[in-house]
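A.B. asks: Please find one structure pasted underneath; my questions will follow.
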Amino acid sequence: MPGTVDTLTTRFPGAFTISAFKDNARVEIAADKAPAVLFDLLKCLKDECGFDFLVDVAGIDYLNYPGAADRYGVVYALANTATAQRVFVKAFANDPDPELPSAVPLWAGADWMEREVYDMFGVVFTGHPDLRRILMPAEFTSHPLRKDYPLRGLGERHNFPTITRAES
Amino acid sequence: MTGYLPDFLVTKLDYVANMVRKHSLWPMPFATACCGIELMATASSRYDIARFGSEAMRFSPRQCDLMIVAGRVVMKMVPVMQRIWLQMPEPKWCISMGACASSGGVFDAYATVQGIDRFLPVDVYVPGCPPRPEQLIRAVMDIQEKIQRTGTIDAREFAARSAYEGPTALARELGPEEAIVAPGDYRTATRLRTPLN
């Protein structure tokens, strides 16, 4: 994928690191550059490099991960439907306010996937039209896939009234 | 024929009502996971729960008197389950089918309820992952026996069960740091969404 790498390198010099695994390119954007660069980089990949399909948006929590510099990673998996090439853009964010620009203006399909990342990891996507929880109830206060959230929860699963037999 | 049967019988009204009720238990299949497949197998011709009068699976709680909770129940499902239970008319009974419905099973995670008996009164528990159809039939027979032994025609035996019947010992294992921290009203199954601007 030399054309794509050259395009990105000339457009965003020094903003990202790139690696490759087999025929998949991996673009990583550190947390200090991600809020400014991410949207333009995705837009460049979509409009100029032909990556017209957003396959997936996923979140990662790198808390206590060996060698990790930033805490939250959000992975955008893109595909070029004409050439079947793929590229994975991983943008990082950090506490206390993990924020990334939303990709919904580029791909409408990012709507629910970003809502899921927000629900599970608490990464706020600025510019998202409807950033609500998608899996957990609206009253839920935690983000359960964060590594510092206990596996058994904080008692939310037992936060219901009991119906006895006499009153039912 | 008149030589063999008397013209009238003397019995208790409770006995007749129990005998009629126990042979026409209509299940409400609350099937949320793989136990539901076994529940369907129990209703099919090989195991044939119709032999015990329970073949009429109604998907409306208002026509049922036996709720079979088959499968794991997550916290978003608890208000739904409770509302369905409250909509069933008296007299009614509940079977907790499978390890997940009875104790949470292997799903000891933040969203999975660790046993529906924390929130509902359960009459019969069925172990297994998932239970064999024979086990579910055994549970239906146990319910039938319970009805025959303790039932009353006006269902007054339920009024005595006013206490919590769930696992109090397990509930006490939750430490204070695990106590309820999530504010909000979880009791409603549906809520109105705030309109988008």
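For the structure tokens, the naming scheme is as follows: chains receive sequential letters (A, B, ...) according to their order of presentation, residues are indexed from 1 within each chain, and ligands are indexed from 1 in presentation order.
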Would you list the contacts of Lys147 (chain A) as a short mmCIF file (atom, residue, chain, number, x, y, z; two decimals) with C-alpha atoms, in the first residue's frame, taking every protein, DNA or RNA residue within 12 Å and counting only C-alpha atoms, but skipping same-chain residues closer than 2 positions in sequence?
C.D. replies:
data_model
loop_
_atom_site.label_atom_id
_atom_site.label_comp_id
_atom_site.auth_asym_id
_atom_site.auth_seq_id
_atom_site.Cartn_x
_atom_site.Cartn_y
_atom_site.Cartn_z
CA GLY A 59 -12.24 0.10 22.17
CA ILE A 60 -9.29 -1.11 24.23
CA ASP A 61 -8.30 -0.26 27.77
CA TYR A 62 -4.51 -0.38 28.20
CA LEU A 63 -4.53 0.09 31.97
CA ASN A 64 -1.53 -1.77 33.47
CA TYR A 65 -0.59 -2.99 30.02
CA ARG A 71 -4.76 4.38 28.37
CA TYR A 72 -7.63 4.10 25.93
CA MET A 120 -18.20 0.26 27.59
CA PHE A 121 -15.13 2.51 27.95
CA GLY A 122 -16.42 6.01 28.52
CA SER A 142 -19.92 2.94 35.24
CA HIS A 143 -18.20 1.83 32.08
CA PRO A 144 -17.96 -1.93 32.55
CA LEU A 145 -15.16 -2.87 30.18
CA TYR A 149 -14.18 -1.96 36.94
CA PRO A 150 -14.65 -5.15 38.99
CA LEU A 151 -15.79 -8.23 37.14
CA GLY A 153 -19.82 -5.11 39.14
#
A.B. asks: So which residues of region 4-175 of chain B fall under strand (DSSP E) by DSSP, listed as a PDB file with N, CA and C atoms, in the first residue's frame?
C.D. replies:
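out_0.pdb, written as the output of this step:
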ATOM      1  N   PRO B  27     -47.976 -23.378  31.095  1.00  0.00           N
ATOM      2  CA  PRO B  27     -46.687 -22.704  31.335  1.00  0.00           C
ATOM      3  C   PRO B  27     -46.562 -21.419  30.539  1.00  0.00           C
ATOM      4  N   MET B  28     -45.882 -20.480  31.185  1.00  0.00           N
ATOM      5  CA  MET B  28     -45.432 -19.265  30.497  1.00  0.00           C
ATOM      6  C   MET B  28     -43.945 -19.467  30.203  1.00  0.00           C
ATOM      7  N   PRO B  29     -43.575 -19.711  28.955  1.00  0.00           N
ATOM      8  CA  PRO B  29     -42.160 -19.987  28.674  1.00  0.00           C
ATOM      9  C   PRO B  29     -41.339 -18.710  28.644  1.00  0.00           C
ATOM     10  N   PHE B  30     -40.657 -18.437  29.736  1.00  0.00           N
ATOM     11  CA  PHE B  30     -39.748 -17.290  29.797  1.00  0.00           C
ATOM     12  C   PHE B  30     -38.353 -17.808  29.438  1.00  0.00           C
ATOM     13  N   ALA B  31     -38.157 -18.094  28.173  1.00  0.00           N
ATOM     14  CA  ALA B  31     -36.929 -18.755  27.727  1.00  0.00           C
ATOM     15  C   ALA B  31     -35.973 -17.712  27.169  1.00  0.00           C
ATOM     16  N   LEU B  66     -48.043 -21.000  35.322  1.00  0.00           N
ATOM     17  CA  LEU B  66     -46.753 -21.587  35.689  1.00  0.00           C
ATOM     18  C   LEU B  66     -45.679 -20.890  34.863  1.00  0.00           C
ATOM     19  N   MET B  67     -44.859 -20.097  35.525  1.00  0.00           N
ATOM     20  CA  MET B  67     -43.783 -19.437  34.788  1.00  0.00           C
ATOM     21  C   MET B  67     -42.531 -20.297  34.861  1.00  0.00           C
ATOM     22  N   ILE B  68     -41.977 -20.628  33.703  1.00  0.00           N
ATOM     23  CA  ILE B  68     -40.741 -21.392  33.642  1.00  0.00           C
ATOM     24  C   ILE B  68     -39.658 -20.449  33.153  1.00  0.00           C
ATOM     25  N   VAL B  69     -38.802 -20.018  34.068  1.00  0.00           N
ATOM     26  CA  VAL B  69     -37.692 -19.133  33.692  1.00  0.00           C
ATOM     27  C   VAL B  69     -36.549 -20.019  33.248  1.00  0.00           C
ATOM     28  N   ALA B  70     -36.307 -20.045  31.943  1.00  0.00           N
ATOM     29  CA  ALA B  70     -35.316 -20.945  31.370  1.00  0.00           C
ATOM     30  C   ALA B  70     -34.191 -20.114  30.778  1.00  0.00           C
ATOM     31  N   TRP B  93     -47.384 -20.365  39.848  1.00  0.00           N
ATOM     32  CA  TRP B  93     -46.185 -20.973  40.402  1.00  0.00           C
ATOM     33  C   TRP B  93     -45.021 -20.664  39.483  1.00  0.00           C
ATOM     34  N   CYS B  94     -43.826 -20.878  39.993  1.00  0.00           N
ATOM     35  CA  CYS B  94     -42.641 -20.511  39.224  1.00  0.00           C
ATOM     36  C   CYS B  94     -41.611 -21.625  39.303  1.00  0.00           C
ATOM     37  N   ILE B  95     -41.078 -21.989  38.142  1.00  0.00           N
ATOM     38  CA  ILE B  95     -39.981 -22.947  38.067  1.00  0.00           C
ATOM     39  C   ILE B  95     -38.745 -22.192  37.605  1.00  0.00           C
ATOM     40  N   SER B  96     -37.666 -22.333  38.347  1.00  0.00           N
ATOM     41  CA  SER B  96     -36.382 -21.775  37.935  1.00  0.00           C
ATOM     42  C   SER B  96     -35.598 -22.898  37.268  1.00  0.00           C
ATOM     43  N   MET B  97     -35.493 -22.820  35.953  1.00  0.00           N
ATOM     44  CA  MET B  97     -34.953 -23.952  35.188  1.00  0.00           C
ATOM     45  C   MET B  97     -33.501 -23.697  34.842  1.00  0.00           C
ATOM     46  N   VAL B 124     -39.896 -24.310  42.475  1.00  0.00           N
ATOM     47  CA  VAL B 124     -39.079 -25.490  42.203  1.00  0.00           C
ATOM     48  C   VAL B 124     -37.853 -25.049  41.413  1.00  0.00           C
ATOM     49  N   TYR B 125     -36.701 -25.527  41.829  1.00  0.00           N
ATOM     50  CA  TYR B 125     -35.456 -25.283  41.102  1.00  0.00           C
ATOM     51  C   TYR B 125     -35.086 -26.547  40.344  1.00  0.00           C
ATOM     52  N   VAL B 126     -34.604 -26.362  39.120  1.00  0.00           N
ATOM     53  CA  VAL B 126     -34.171 -27.501  38.317  1.00  0.00           C
ATOM     54  C   VAL B 126     -32.677 -27.338  38.065  1.00  0.00           C
TER      55      VAL B 126
END
A.B. asks: Excluding Thr126 (chain A) and its own-chain neighbours fewer than 5 positions away, which residues fall within 10 Å of it when counting only C-alpha atoms? Please give them as a PDB file with N, CA and C atoms, in the first residue's frame.
C.D. replies:
ATOM      1  N   PRO A  35      -6.866  14.046  19.026  1.00  0.00           N
ATOM      2  CA  PRO A  35      -8.052  14.896  18.855  1.00  0.00           C
ATOM      3  C   PRO A  35      -7.955  15.820  17.653  1.00  0.00           C
ATOM      4  N   GLU A  99     -11.404  11.931  25.060  1.00  0.00           N
ATOM      5  CA  GLU A  99     -12.248  12.496  24.002  1.00  0.00           C
ATOM      6  C   GLU A  99     -11.598  12.257  22.653  1.00  0.00           C
ATOM      7  N   LEU A 100     -12.422  11.917  21.695  1.00  0.00           N
ATOM      8  CA  LEU A 100     -11.966  11.759  20.322  1.00  0.00           C
ATOM      9  C   LEU A 100     -13.029  12.343  19.417  1.00  0.00           C
ATOM     10  N   PRO A 101     -12.646  12.811  18.238  1.00  0.00           N
ATOM     11  CA  PRO A 101     -13.670  13.300  17.311  1.00  0.00           C
ATOM     12  C   PRO A 101     -14.487  12.161  16.748  1.00  0.00           C
ATOM     13  N   SER A 102     -15.756  12.402  16.535  1.00  0.00           N
ATOM     14  CA  SER A 102     -16.645  11.358  16.035  1.00  0.00           C
ATOM     15  C   SER A 102     -16.465  11.178  14.531  1.00  0.00           C
ATOM     16  N   ALA A 103     -16.633   9.941  14.082  1.00  0.00           N
ATOM     17  CA  ALA A 103     -16.539   9.638  12.658  1.00  0.00           C
ATOM     18  C   ALA A 103     -17.914   9.566  12.004  1.00  0.00           C
ATOM     19  N   LEU A 131     -25.093  10.662  21.543  1.00  0.00           N
ATOM     20  CA  LEU A 131     -24.201   9.808  22.326  1.00  0.00           C
ATOM     21  C   LEU A 131     -24.893   9.378  23.609  1.00  0.00           C
TER      22      LEU A 131
END
A.B. asks: Within 10 Å of chain B, which residues belong to chain A? Use only C-alpha atoms and report them as a count of residues only.
C.D. replies: 31
A.B. asks: Would you work out the distance separating CA of His23 (chain B) from CA of Phe52 (chain B), expressed in Å to one decimal?
C.D. replies: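 According to the coordinates, CA of His23 (chain B) and CA of Phe52 (chain B) are separated by 6.2 Å.
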A.B. asks: Of the candidates A:Asp40, A:Glu48, A:Asp56, A:Asp97, which one gets nearest to Gly3 (chain A) if we count only C-alpha atoms?
C.D. replies: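 That would be A:Glu48, the residue with the smallest distance to Gly3 (chain A).
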A.B. asks: Using only C-alpha atoms, which residue out of A:Leu45, A:Val123, A:Ile134, A:Val104 lies closest to Ala79 (chain A)?
C.D. replies: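 Counting only C-alpha atoms, the residue closest to Ala79 (chain A) is A:Leu45.
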A.B. asks: I'd like the neighbourhood of Phe16 (chain A) as a PyMOL selection string, where a residue qualifies if any of its atoms comes within 8 Å (using only C-alpha atoms), though same-chain residues fewer than 2 positions away should be ignored.
C.D. replies: chain A and resi 12-14+18+27-30
A.B. asks: So that I can see what lies close to Asp48 (chain B), please list as an MDAnalysis selection string the residues with an atom at most 12 Å from it, counting only C-alpha atoms and leaving out residues fewer than 3 positions away in the same chain.
C.D. replies: chainID B and resid 38:45 51:56 133:134 136:137
A.B. asks: Restricting the output to C-alpha atoms, write the selected residues as a short mmCIF file (atom, residue, chain, number, x, y, z; two decimals), in the first residue's frame.
C.D. replies:
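Now in result_19.cif:
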data_model
loop_
_atom_site.label_atom_id
_atom_site.label_comp_id
_atom_site.auth_asym_id
_atom_site.auth_seq_id
_atom_site.Cartn_x
_atom_site.Cartn_y
_atom_site.Cartn_z
CA GLU B 38 -34.72 -28.05 26.23
CA LEU B 39 -38.02 -26.48 27.18
CA MET B 40 -39.12 -26.78 23.55
CA ALA B 41 -37.91 -30.37 23.47
CA THR B 42 -39.98 -31.06 26.56
CA ALA B 43 -43.05 -29.87 24.71
CA SER B 44 -42.25 -31.89 21.61
CA SER B 45 -43.51 -35.35 20.85
CA ARG B 51 -49.00 -36.15 29.31
CA PHE B 52 -49.04 -33.95 32.40
CA GLY B 53 -51.54 -31.44 31.08
CA SER B 54 -48.98 -28.69 30.58
CA GLU B 55 -48.80 -28.58 26.83
CA ALA B 56 -50.59 -25.27 26.41
CA PRO B 133 -36.37 -32.72 29.54
CA GLU B 134 -36.98 -35.50 32.05
CA LEU B 136 -38.22 -30.49 33.73
CA ILE B 137 -41.01 -33.06 33.68
#
A.B. asks: Per DSSP on the backbone, what are the helix (DSSP H, G or I) residues of chain A, as JSON, numbers by chain?
C.D. replies: {"A": [2, 3, 4, 5, 6, 7, 8, 9, 10, 11, 34, 35, 36, 37, 38, 39, 40, 41, 42, 43, 44, 45, 46, 47, 110, 111, 112, 113, 114, 115, 116, 117, 118, 119, 120, 121, 156, 157, 158]}
A.B. asks: Please produce an output containing N, CA and C atoms for each residue in the selection, written as a short mmCIF file (atom, residue, chain, number, x, y, z; two decimals), in the first residue's frame.
C.D. replies:
data_model
loop_
_atom_site.label_atom_id
_atom_site.label_comp_id
_atom_site.auth_asym_id
_atom_site.auth_seq_id
_atom_site.Cartn_x
_atom_site.Cartn_y
_atom_site.Cartn_z
N PRO A 2 1.76 1.41 -0.92
CA PRO A 2 2.66 2.56 -0.87
C PRO A 2 1.94 3.87 -1.09
N GLY A 3 0.91 3.86 -1.95
CA GLY A 3 0.24 5.11 -2.24
C GLY A 3 -0.42 5.70 -1.02
N THR A 4 -1.05 4.84 -0.25
CA THR A 4 -1.73 5.32 0.94
C THR A 4 -0.74 5.85 1.97
N VAL A 5 0.34 5.10 2.17
CA VAL A 5 1.34 5.52 3.16
C VAL A 5 1.96 6.86 2.75
N ASP A 6 2.28 7.00 1.45
CA ASP A 6 2.85 8.26 1.00
C ASP A 6 1.87 9.41 1.19
N THR A 7 0.63 9.16 0.85
CA THR A 7 -0.37 10.21 1.00
C THR A 7 -0.49 10.65 2.44
N LEU A 8 -0.56 9.67 3.34
CA LEU A 8 -0.71 10.02 4.76
C LEU A 8 0.54 10.71 5.27
N THR A 9 1.71 10.25 4.84
CA THR A 9 2.95 10.85 5.35
C THR A 9 3.11 12.29 4.90
N THR A 10 2.71 12.58 3.65
CA THR A 10 2.82 13.96 3.19
C THR A 10 1.75 14.85 3.81
N ARG A 11 0.57 14.30 4.03
CA ARG A 11 -0.50 15.12 4.58
C ARG A 11 -0.34 15.35 6.08
N ALA A 34 -4.16 12.87 18.73
CA ALA A 34 -5.37 12.26 18.18
C ALA A 34 -6.55 13.21 18.04
N PRO A 35 -6.87 14.05 19.03
CA PRO A 35 -8.05 14.90 18.86
C PRO A 35 -7.96 15.82 17.65
N ALA A 36 -6.76 16.28 17.33
CA ALA A 36 -6.63 17.20 16.20
C ALA A 36 -6.51 16.48 14.87
N VAL A 37 -5.91 15.31 14.88
CA VAL A 37 -5.52 14.67 13.62
C VAL A 37 -6.54 13.64 13.15
N LEU A 38 -7.19 12.97 14.10
CA LEU A 38 -7.91 11.74 13.76
C LEU A 38 -8.96 11.95 12.67
N PHE A 39 -9.79 13.00 12.83
CA PHE A 39 -10.88 13.16 11.86
C PHE A 39 -10.34 13.47 10.48
N ASP A 40 -9.34 14.33 10.40
CA ASP A 40 -8.79 14.66 9.08
C ASP A 40 -8.11 13.46 8.46
N LEU A 41 -7.48 12.63 9.30
CA LEU A 41 -6.83 11.45 8.76
C LEU A 41 -7.85 10.44 8.22
N LEU A 42 -8.92 10.26 8.95
CA LEU A 42 -9.97 9.36 8.47
C LEU A 42 -10.60 9.92 7.19
N LYS A 43 -10.79 11.22 7.17
CA LYS A 43 -11.38 11.85 5.98
C LYS A 43 -10.46 11.70 4.79
N CYS A 44 -9.15 11.84 5.03
CA CYS A 44 -8.18 11.66 3.95
C CYS A 44 -8.20 10.22 3.45
N LEU A 45 -8.28 9.27 4.39
CA LEU A 45 -8.32 7.86 3.98
C LEU A 45 -9.58 7.58 3.18
N LYS A 46 -10.68 8.21 3.57
CA LYS A 46 -11.92 7.94 2.86
C LYS A 46 -11.95 8.60 1.49
N ASP A 47 -11.59 9.89 1.44
CA ASP A 47 -11.79 10.65 0.20
C ASP A 47 -10.66 10.47 -0.80
N ALA A 110 -20.95 4.61 11.89
CA ALA A 110 -20.17 4.74 13.12
C ALA A 110 -21.05 5.09 14.31
N ASP A 111 -22.29 5.40 14.07
CA ASP A 111 -23.16 5.89 15.13
C ASP A 111 -23.25 4.91 16.30
N TRP A 112 -23.76 3.72 16.03
CA TRP A 112 -23.97 2.77 17.12
C TRP A 112 -22.65 2.20 17.62
N MET A 113 -21.64 2.09 16.76
CA MET A 113 -20.38 1.52 17.22
C MET A 113 -19.68 2.47 18.18
N GLU A 114 -19.75 3.77 17.89
CA GLU A 114 -19.16 4.72 18.83
C GLU A 114 -19.97 4.79 20.12
N ARG A 115 -21.28 4.61 20.00
CA ARG A 115 -22.08 4.56 21.22
C ARG A 115 -21.67 3.37 22.08
N GLU A 116 -21.34 2.25 21.47
CA GLU A 116 -20.93 1.09 22.24
C GLU A 116 -19.58 1.34 22.92
N VAL A 117 -18.66 1.97 22.20
CA VAL A 117 -17.36 2.27 22.81
C VAL A 117 -17.55 3.25 23.96
N TYR A 118 -18.45 4.21 23.77
CA TYR A 118 -18.73 5.14 24.86
C TYR A 118 -19.34 4.41 26.05
N ASP A 119 -20.24 3.50 25.79
CA ASP A 119 -20.91 2.78 26.86
C ASP A 119 -19.93 1.92 27.64
N MET A 120 -19.06 1.22 26.93
CA MET A 120 -18.20 0.26 27.59
C MET A 120 -16.93 0.89 28.16
N PHE A 121 -16.42 1.95 27.54
CA PHE A 121 -15.13 2.51 27.95
C PHE A 121 -15.23 3.97 28.41
N GLU A 156 -24.79 -3.37 40.86
CA GLU A 156 -25.91 -2.97 40.01
C GLU A 156 -26.83 -4.15 39.69
N ARG A 157 -26.25 -5.35 39.63
CA ARG A 157 -27.06 -6.50 39.23
C ARG A 157 -28.05 -6.90 40.31
N HIS A 158 -27.87 -6.39 41.52
CA HIS A 158 -28.83 -6.71 42.58
C HIS A 158 -29.63 -5.49 43.01
#
A.B. asks: Between B:Ala155, B:Val106, B:Met141, B:Ala101, which has the minimum distance to Thr32 (chain B) (counting only C-alpha atoms)?
C.D. replies: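 That would be B:Ala101, the residue with the smallest distance to Thr32 (chain B).
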A.B. asks: Just how far from CA of Pro130 (chain B) is CA of Gly105 (chain B), in Å to one decimal?
C.D. replies: 10.4 Å
A.B. asks: Calculated over only C-alpha atoms, which of the candidates B:Arg132, B:Pro167, B:Thr152, B:Asp142 has the smallest distance to Leu13 (chain B)?
C.D. replies: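 The closest residue to Leu13 (chain B) is B:Thr152.
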A.B. asks: Hey, which of A:Val87, A:Ala58, A:Ala25, A:Ala31 ends up closest to Val74 (chain A)? Count only C-alpha atoms.
C.D. replies: A:Ala58
